[in-house]
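Coordinates as given in start_15.cif (mmCIF, C-alpha atoms):
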data_start
#
loop_
_atom_site.group_PDB
_atom_site.id
_atom_site.type_symbol
_atom_site.label_atom_id
_atom_site.label_comp_id
_atom_site.auth_asym_id
_atom_site.auth_seq_id
_atom_site.Cartn_x
_atom_site.Cartn_y
_atom_site.Cartn_z
ATOM 1 C CA MET A 1 -141.015 20.810 42.342
ATOM 2 C CA LYS A 2 -138.900 23.008 44.593
ATOM 3 C CA ARG A 3 -139.315 25.952 42.250
ATOM 4 C CA LEU A 4 -143.028 25.412 41.992
ATOM 5 C CA ILE A 5 -143.417 25.417 45.757
ATOM 6 C CA SER A 6 -141.436 28.619 46.138
ATOM 7 C CA LYS A 7 -143.403 30.264 43.318
ATOM 8 C CA ILE A 8 -146.706 29.284 44.930
ATOM 9 C CA SER A 9 -145.559 30.587 48.319
ATOM 10 C CA ILE A 10 -144.471 33.916 46.858
ATOM 11 C CA LEU A 11 -147.767 34.235 45.020
ATOM 12 C CA ALA A 12 -149.716 33.417 48.183
ATOM 13 C CA VAL A 13 -147.777 36.037 50.156
ATOM 14 C CA ALA A 14 -148.371 38.629 47.429
ATOM 15 C CA ILE A 15 -152.103 37.892 47.254
ATOM 16 C CA SER A 16 -152.532 38.023 51.002
ATOM 17 C CA PHE A 17 -151.007 41.498 51.138
ATOM 18 C CA SER A 18 -152.861 42.911 48.174
ATOM 19 C CA TYR A 19 -155.415 45.480 49.156
ATOM 20 C CA SER A 20 -157.537 47.260 46.648
ATOM 21 C CA VAL A 21 -160.056 49.945 47.330
ATOM 22 C CA GLN A 22 -162.909 50.191 44.901
ATOM 23 C CA ALA A 23 -163.444 53.878 45.481
ATOM 24 C CA LEU A 24 -166.208 55.696 43.728
ATOM 25 C CA GLU A 25 -165.152 58.206 41.163
ATOM 26 C CA LEU A 26 -166.214 61.757 40.530
ATOM 27 C CA ASN A 27 -169.263 62.184 38.307
ATOM 28 C CA ALA A 28 -170.505 58.710 39.209
ATOM 29 C CA VAL A 29 -174.049 58.334 40.443
ATOM 30 C CA ALA A 30 -173.995 58.004 44.229
ATOM 31 C CA PRO A 31 -175.101 54.495 45.261
ATOM 32 C CA GLU A 32 -178.526 54.436 46.852
ATOM 33 C CA PHE A 33 -178.194 53.515 50.512
ATOM 34 C CA SER A 34 -180.736 52.745 53.153
ATOM 35 C CA LEU A 35 -179.505 53.103 56.707
ATOM 36 C CA PRO A 36 -181.121 53.421 60.135
ATOM 37 C CA LYS A 37 -180.956 56.669 62.020
ATOM 38 C CA LEU A 38 -178.649 56.558 65.030
ATOM 39 C CA GLY A 39 -180.432 54.969 67.962
ATOM 40 C CA SER A 40 -183.645 54.373 66.046
ATOM 41 C CA MET A 41 -185.232 51.810 63.758
ATOM 42 C CA GLN A 42 -186.372 54.432 61.285
ATOM 43 C CA SER A 43 -184.264 54.319 58.160
ATOM 44 C CA SER A 44 -183.264 56.941 55.610
ATOM 45 C CA ARG A 45 -182.546 56.482 51.932
ATOM 46 C CA LEU A 46 -180.342 58.635 49.756
ATOM 47 C CA SER A 47 -183.196 59.154 47.270
ATOM 48 C CA GLN A 48 -185.095 60.980 50.027
ATOM 49 C CA TYR A 49 -182.681 63.857 49.535
ATOM 50 C CA ARG A 50 -182.972 63.960 45.741
ATOM 51 C CA GLY A 51 -183.253 67.539 44.490
ATOM 52 C CA LYS A 52 -180.979 68.739 47.287
ATOM 53 C CA VAL A 53 -177.236 69.144 47.457
ATOM 54 C CA VAL A 54 -176.184 66.395 49.842
ATOM 55 C CA TYR A 55 -173.044 66.258 51.922
ATOM 56 C CA ILE A 56 -172.419 62.674 53.042
ATOM 57 C CA ASP A 57 -169.901 62.456 55.848
ATOM 58 C CA PHE A 58 -168.505 59.131 57.068
ATOM 59 C CA TRP A 59 -167.315 59.731 60.632
ATOM 60 C CA ALA A 60 -166.474 58.083 63.950
ATOM 61 C CA SER A 61 -166.275 59.367 67.508
ATOM 62 C CA TRP A 62 -162.577 58.517 67.825
ATOM 63 C CA CYS A 63 -161.633 60.446 64.691
ATOM 64 C CA ALA A 64 -159.883 63.653 65.763
ATOM 65 C CA PRO A 65 -160.652 65.704 62.604
ATOM 66 C CA CYS A 66 -164.362 64.918 63.141
ATOM 67 C CA ARG A 67 -164.218 66.999 66.330
ATOM 68 C CA THR A 68 -163.135 69.910 64.147
ATOM 69 C CA SER A 69 -165.580 69.227 61.350
ATOM 70 C CA PHE A 70 -168.807 68.741 63.315
ATOM 71 C CA PRO A 71 -169.222 72.269 64.755
ATOM 72 C CA LEU A 72 -168.263 73.842 61.413
ATOM 73 C CA LEU A 73 -170.590 71.583 59.441
ATOM 74 C CA GLU A 74 -173.399 72.236 61.909
ATOM 75 C CA ASN A 75 -173.051 76.009 61.443
ATOM 76 C CA PHE A 76 -172.956 75.634 57.676
ATOM 77 C CA PHE A 77 -175.941 73.305 57.690
ATOM 78 C CA GLN A 78 -177.963 75.755 59.803
ATOM 79 C CA ALA A 79 -177.160 78.529 57.342
ATOM 80 C CA LYS A 80 -177.865 76.590 54.162
ATOM 81 C CA GLN A 81 -180.570 74.020 54.878
ATOM 82 C CA LYS A 82 -183.332 76.338 53.697
ATOM 83 C CA GLU A 83 -181.568 76.732 50.358
ATOM 84 C CA GLY A 84 -181.758 72.990 49.693
ATOM 85 C CA PHE A 85 -178.664 71.705 51.452
ATOM 86 C CA ALA A 86 -178.821 68.372 53.270
ATOM 87 C CA LEU A 87 -176.154 66.905 55.488
ATOM 88 C CA VAL A 88 -176.059 63.212 56.243
ATOM 89 C CA ALA A 89 -173.428 62.016 58.695
ATOM 90 C CA ILE A 90 -172.922 58.261 58.654
ATOM 91 C CA ASN A 91 -171.480 56.924 61.882
ATOM 92 C CA MET A 92 -168.937 54.094 61.737
ATOM 93 C CA ASP A 93 -168.349 53.491 65.452
ATOM 94 C CA GLU A 94 -168.266 49.920 66.711
ATOM 95 C CA GLU A 95 -170.234 50.957 69.794
ATOM 96 C CA ILE A 96 -173.257 53.152 69.445
ATOM 97 C CA ALA A 97 -172.681 54.614 72.943
ATOM 98 C CA ALA A 98 -169.404 56.168 71.785
ATOM 99 C CA ALA A 99 -171.239 57.981 68.995
ATOM 100 C CA GLN A 100 -173.905 59.184 71.401
ATOM 101 C CA ARG A 101 -171.278 60.537 73.813
ATOM 102 C CA PHE A 102 -169.632 62.369 70.914
ATOM 103 C CA LEU A 103 -172.932 63.929 69.900
ATOM 104 C CA GLU A 104 -173.501 65.180 73.445
ATOM 105 C CA LEU A 105 -170.247 67.115 73.131
ATOM 106 C CA TYR A 106 -170.743 68.137 69.512
ATOM 107 C CA PRO A 107 -174.486 68.434 68.963
ATOM 108 C CA ALA A 108 -175.754 68.162 65.419
ATOM 109 C CA SER A 109 -179.159 68.937 63.987
ATOM 110 C CA PHE A 110 -178.502 67.176 60.687
ATOM 111 C CA ASP A 111 -179.319 63.522 60.047
ATOM 112 C CA ILE A 112 -177.054 61.001 61.730
ATOM 113 C CA LEU A 113 -177.264 57.520 60.279
ATOM 114 C CA ARG A 114 -175.450 54.383 61.319
ATOM 115 C CA ASP A 115 -173.613 51.940 59.096
ATOM 116 C CA ALA A 116 -172.879 49.264 61.686
ATOM 117 C CA GLU A 117 -171.979 46.621 59.099
ATOM 118 C CA ALA A 118 -169.731 49.073 57.199
ATOM 119 C CA GLN A 119 -171.490 48.006 54.035
ATOM 120 C CA TRP A 120 -171.817 51.497 52.605
ATOM 121 C CA ALA A 121 -168.425 52.732 53.707
ATOM 122 C CA ASP A 122 -167.049 49.829 51.688
ATOM 123 C CA THR A 123 -169.251 50.576 48.681
ATOM 124 C CA TYR A 124 -168.328 54.260 48.738
ATOM 125 C CA GLY A 125 -164.651 53.320 49.122
ATOM 126 C CA VAL A 126 -163.964 55.329 52.260
ATOM 127 C CA GLU A 127 -160.192 55.639 52.544
ATOM 128 C CA THR A 128 -159.770 57.936 55.529
ATOM 129 C CA MET A 129 -161.815 59.045 58.498
ATOM 130 C CA PRO A 130 -163.612 61.281 57.840
ATOM 131 C CA THR A 131 -164.376 61.035 54.137
ATOM 132 C CA SER A 132 -167.125 63.137 52.613
ATOM 133 C CA PHE A 133 -168.949 63.061 49.333
ATOM 134 C CA ILE A 134 -170.729 66.096 47.957
ATOM 135 C CA ILE A 135 -173.607 65.044 45.767
ATOM 136 C CA ASP A 136 -175.468 67.384 43.435
ATOM 137 C CA LYS A 137 -179.221 67.747 42.999
ATOM 138 C CA LYS A 138 -179.261 64.946 40.421
ATOM 139 C CA GLY A 139 -177.531 62.465 42.708
ATOM 140 C CA VAL A 140 -174.099 62.670 41.069
ATOM 141 C CA ILE A 141 -170.899 62.716 43.152
ATOM 142 C CA ARG A 142 -169.223 66.042 42.432
ATOM 143 C CA HIS A 143 -166.581 66.199 45.137
ATOM 144 C CA ILE A 144 -164.785 63.719 47.395
ATOM 145 C CA HIS A 145 -163.069 65.097 50.447
ATOM 146 C CA ASN A 146 -160.598 62.982 52.413
ATOM 147 C CA GLY A 147 -159.864 64.006 55.988
ATOM 148 C CA PHE A 148 -160.765 67.379 57.413
ATOM 149 C CA ALA A 149 -158.893 70.467 58.538
ATOM 150 C CA LYS A 150 -160.332 73.796 59.679
ATOM 151 C CA ASP A 151 -159.194 75.526 56.487
ATOM 152 C CA ASP A 152 -161.026 73.008 54.285
ATOM 153 C CA MET A 153 -164.363 74.540 55.205
ATOM 154 C CA ALA A 154 -163.951 77.480 52.810
ATOM 155 C CA ASP A 155 -163.500 75.112 49.847
ATOM 156 C CA ILE A 156 -166.443 72.979 50.932
ATOM 157 C CA GLU A 157 -168.666 76.049 51.253
ATOM 158 C CA LYS A 158 -167.607 77.231 47.809
ATOM 159 C CA ILE A 159 -168.395 73.870 46.190
ATOM 160 C CA VAL A 160 -171.747 73.537 47.948
ATOM 161 C CA ASN A 161 -172.729 77.083 46.990
ATOM 162 C CA GLN A 162 -171.844 76.378 43.357
ATOM 163 C CA LEU A 163 -173.935 73.226 43.367
ATOM 164 C CA LEU A 164 -176.839 74.981 45.069
ATOM 165 C CA ALA A 165 -176.789 77.553 42.261
ATOM 166 C CA GLU A 166 -177.113 74.802 39.632
ATOM 167 C CA LYS A 167 -180.565 73.890 38.429
ATOM 168 C CA MET B 1 -137.603 13.078 52.101
ATOM 169 C CA LYS B 2 -137.771 14.160 55.711
ATOM 170 C CA LYS B 3 -136.315 17.525 54.792
ATOM 171 C CA GLN B 4 -138.864 18.101 52.044
ATOM 172 C CA SER B 5 -141.862 17.189 54.162
ATOM 173 C CA PHE B 6 -140.566 19.523 56.872
ATOM 174 C CA LYS B 7 -140.411 22.285 54.260
ATOM 175 C CA LEU B 8 -143.910 21.528 53.087
ATOM 176 C CA ILE B 9 -145.204 21.641 56.649
ATOM 177 C CA CYS B 10 -143.466 25.000 57.147
ATOM 178 C CA ILE B 11 -145.031 26.388 53.977
ATOM 179 C CA ALA B 12 -148.457 25.067 54.906
ATOM 180 C CA PHE B 13 -148.129 26.635 58.354
ATOM 181 C CA MET B 14 -147.032 29.926 56.787
ATOM 182 C CA LEU B 15 -150.015 29.916 54.432
ATOM 183 C CA VAL B 16 -152.401 29.286 57.314
ATOM 184 C CA ALA B 17 -150.749 32.061 59.336
ATOM 185 C CA LEU B 18 -151.118 34.444 56.402
ATOM 186 C CA SER B 19 -154.860 34.320 56.779
ATOM 187 C CA ALA B 20 -154.310 36.513 59.848
ATOM 188 C CA CYS B 21 -152.821 39.240 57.642
ATOM 189 C CA THR B 22 -155.702 41.482 56.806
ATOM 190 C CA PRO B 23 -155.770 45.160 55.959
ATOM 191 C CA VAL B 24 -157.349 47.301 58.634
ATOM 192 C CA LYS B 25 -160.075 49.416 57.105
ATOM 193 C CA PRO B 26 -160.184 53.120 57.978
ATOM 194 C CA TRP B 27 -163.294 52.694 60.118
ATOM 195 C CA GLN B 28 -161.713 49.835 62.081
ATOM 196 C CA ARG B 29 -159.001 52.040 63.555
ATOM 197 C CA GLY B 30 -160.948 53.048 66.639
ATOM 198 C CA ASN B 31 -158.724 51.080 69.001
ATOM 199 C CA LEU B 32 -155.575 52.301 67.278
ATOM 200 C CA ALA B 33 -156.761 55.875 67.832
ATOM 201 C CA LEU B 34 -156.928 55.446 71.613
ATOM 202 C CA PRO B 35 -154.461 57.644 73.534
ATOM 203 C CA GLN B 36 -152.797 54.601 75.103
ATOM 204 C CA MET B 37 -151.906 53.363 71.606
ATOM 205 C CA ALA B 38 -149.867 56.466 70.786
ATOM 206 C CA LEU B 39 -146.112 55.995 70.513
ATOM 207 C CA GLU B 40 -145.688 59.224 72.467
ATOM 208 C CA THR B 41 -148.037 59.916 75.322
ATOM 209 C CA ASP B 42 -147.409 63.653 75.350
ATOM 210 C CA ALA B 43 -146.939 65.315 71.962
ATOM 211 C CA HIS B 44 -145.465 68.513 73.473
ATOM 212 C CA GLU B 45 -142.984 66.670 75.616
ATOM 213 C CA ALA B 46 -142.011 64.492 72.647
ATOM 214 C CA ALA B 47 -141.409 67.582 70.508
ATOM 215 C CA PHE B 48 -139.090 69.052 73.165
ATOM 216 C CA ARG B 49 -137.273 65.773 73.597
ATOM 217 C CA ILE B 50 -136.726 65.375 69.861
ATOM 218 C CA HIS B 51 -135.533 68.969 69.649
ATOM 219 C CA ALA B 52 -132.989 68.396 72.423
ATOM 220 C CA PHE B 53 -131.899 65.128 70.824
ATOM 221 C CA HIS B 54 -131.307 66.788 67.475
ATOM 222 C CA SER B 55 -129.320 69.572 69.101
ATOM 223 C CA LYS B 56 -127.103 67.105 70.960
ATOM 224 C CA GLU B 57 -126.525 64.791 68.044
ATOM 225 C CA GLY B 58 -126.128 67.484 65.406
ATOM 226 C CA SER B 59 -128.711 65.695 63.358
ATOM 227 C CA SER B 60 -132.234 66.220 62.319
ATOM 228 C CA GLY B 61 -134.992 64.489 60.461
ATOM 229 C CA GLY B 62 -136.761 61.225 60.667
ATOM 230 C CA TYR B 63 -139.512 62.692 62.793
ATOM 231 C CA GLY B 64 -141.086 64.805 60.108
ATOM 232 C CA GLY B 65 -139.195 67.969 61.020
ATOM 233 C CA GLY B 66 -136.869 69.817 58.684
ATOM 234 C CA GLY B 67 -133.535 71.455 59.401
ATOM 235 C CA GLY B 68 -129.810 70.983 59.176
ATOM 236 C CA GLY B 69 -128.990 70.046 62.748
ATOM 237 C CA CYS B 70 -128.135 73.507 63.979
ATOM 238 C CA GLY B 71 -130.420 73.090 66.954
ATOM 239 C CA CYS B 72 -132.144 76.318 66.056
ATOM 240 C CA ASN B 73 -135.287 74.937 64.466
#
Full structure transcribed into structure tokens:
Amino acid sequence: MKRLISKISILAVAISFSYSVQALELNAVAPEFSLPKLGSMQSSRLSQYRGKVVYIDFWASWCAPCRTSFPLLENFFQAKQKEGFALVAINMDEEIAAAQRFLELYPASFDILRDAEAQWADTYGVETMPTSFIIDKKGVIRHIHNGFAKDDMADIEKIVNQLLAEK
Amino acid sequence: MKKQSFKLICIAFMLVALSACTPVKPWQRGNLALPQMALETDAHEAAFRIHAFHSKEGSSGGYGGGGGGCGCN
């Protein structure tokens, strides 16, 4: 009896601490999401961007690397949008006002969506803030980027350019 | 008998308390990212203080910095 109790307790402790992330893998088809645009009722779906190379960025206003990434991504988006590049930034802030204040400081012309329930961040298996997924013209995840540093931009540009060149 | 029931109560309490243990998801770390949550309020000052500490103690490491304790790094 004593042993059984201690075994059950150990098992319960182990289960309560277990934490698994069901992250998406490379070459998997990106799950189709439908999310509202920030501060609006109008929603966007991933399939709307089919035929384009899509950069999905999960971000939050409090995330320091996002302050680095936003201006760089904005420049890149401006340069490449005519070639079929789409950038979708999915905001994960608890308060919408925080996201809006961030966007006043770091303006962005790309689509900003809001995943208030964190449903899609969970489905995509976001492990860090920010996490980005580069999706090819067929809707397949070709690159997953955790975090962001200034020097990462060159790699991202290279990958996007390669995918834009694909038919 | 009394001892065993006390144990059972303790275990039951522990199991209930465990429900509070939940992993914080990356997007739930907004409050943890606030400046007032930082262990060091001023990163520059902290770096100087750690440097001086290492020089005095002839030790280094534990804060992510490398070196052999010469006080020159």
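Selection result for the displayed file, with the PyMOL selection byres ((chain B) within 9 of (chain A)) as criterion, is Gln4, Leu8, Ile11, Met14, Leu15, Leu18, Ser19, Cys21, Thr22, Pro23, Lys25, Pro26, Trp27, Gln28, Arg29, Gly30, Asn31, Ala33 and Leu34 of chain B.
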query = What is the distance, in Å and to one decimal place, between atom CA of Tyr124 of chain A and atom CA of Lys37 of chain A?
reply = 18.5 Å
remark   = Correct to one decimal, the distance atom CA of Ala108 of chain A-atom CA of Glu74 of chain A is 5.9 Å
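Summary of the local environment: counting all atoms listed in the file, residues at most 7 Å from Leu113 of chain A, other than itself and those fewer than 3 positions away along its chain, are Leu35, Pro36, Lys37, Leu38, Ala89, Ile90 and Asn91 of chain A.
Once the PyMOL selection byres ((chain A and resi 142) around 10) is applied to this file, the selection holds Glu25, Leu26, Asn27, Ala28, Val29, Ala30, Val53, Phe133, Ile134, Ile135, Asp136, Gly139, Val140, Ile141, His143, Ile144, Ile159, Val160 and Leu163 of chain A.
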query = Using only C-alpha atoms, which of A:Lys158, A:Arg101, A:Lys150, A:Lys167 sits nearest Pro65 of chain A?
reply =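 Of A:Lys158, A:Arg101, A:Lys150, A:Lys167, the one nearest Pro65 of chain A, counting only C-alpha atoms, is A:Lys150.
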message = Under the PyMOL selection byres ((chain A and resi 50) around 7), which residues of this model are included? Write them out as a PyMOL selection string.
response = chain A and resi 47-49+51-52+137-139
ask   = How many Å lie between atom CA of Asn161 of chain A and atom CA of Ala79 of chain A, rounded to one decimal?
value =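 Taking atom CA of Asn161 of chain A and atom CA of Ala79 of chain A, their separation equals 11.4 Å.
In terms of minimum interatomic distance to Ala97 of chain A, A:Gly39 ranks closest within A:Gly39, A:Lys80, A:Thr123, A:Ala154, counting all atoms listed in the file.
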request  = Might you pull out every residue within 12 Å of Arg49 of chain B, with all atoms listed in the file counted and same-chain residues fewer than 6 positions away left off, and present them as a PyMOL selection string?
outcome  = chain B and resi 40+42-43+55-56+63
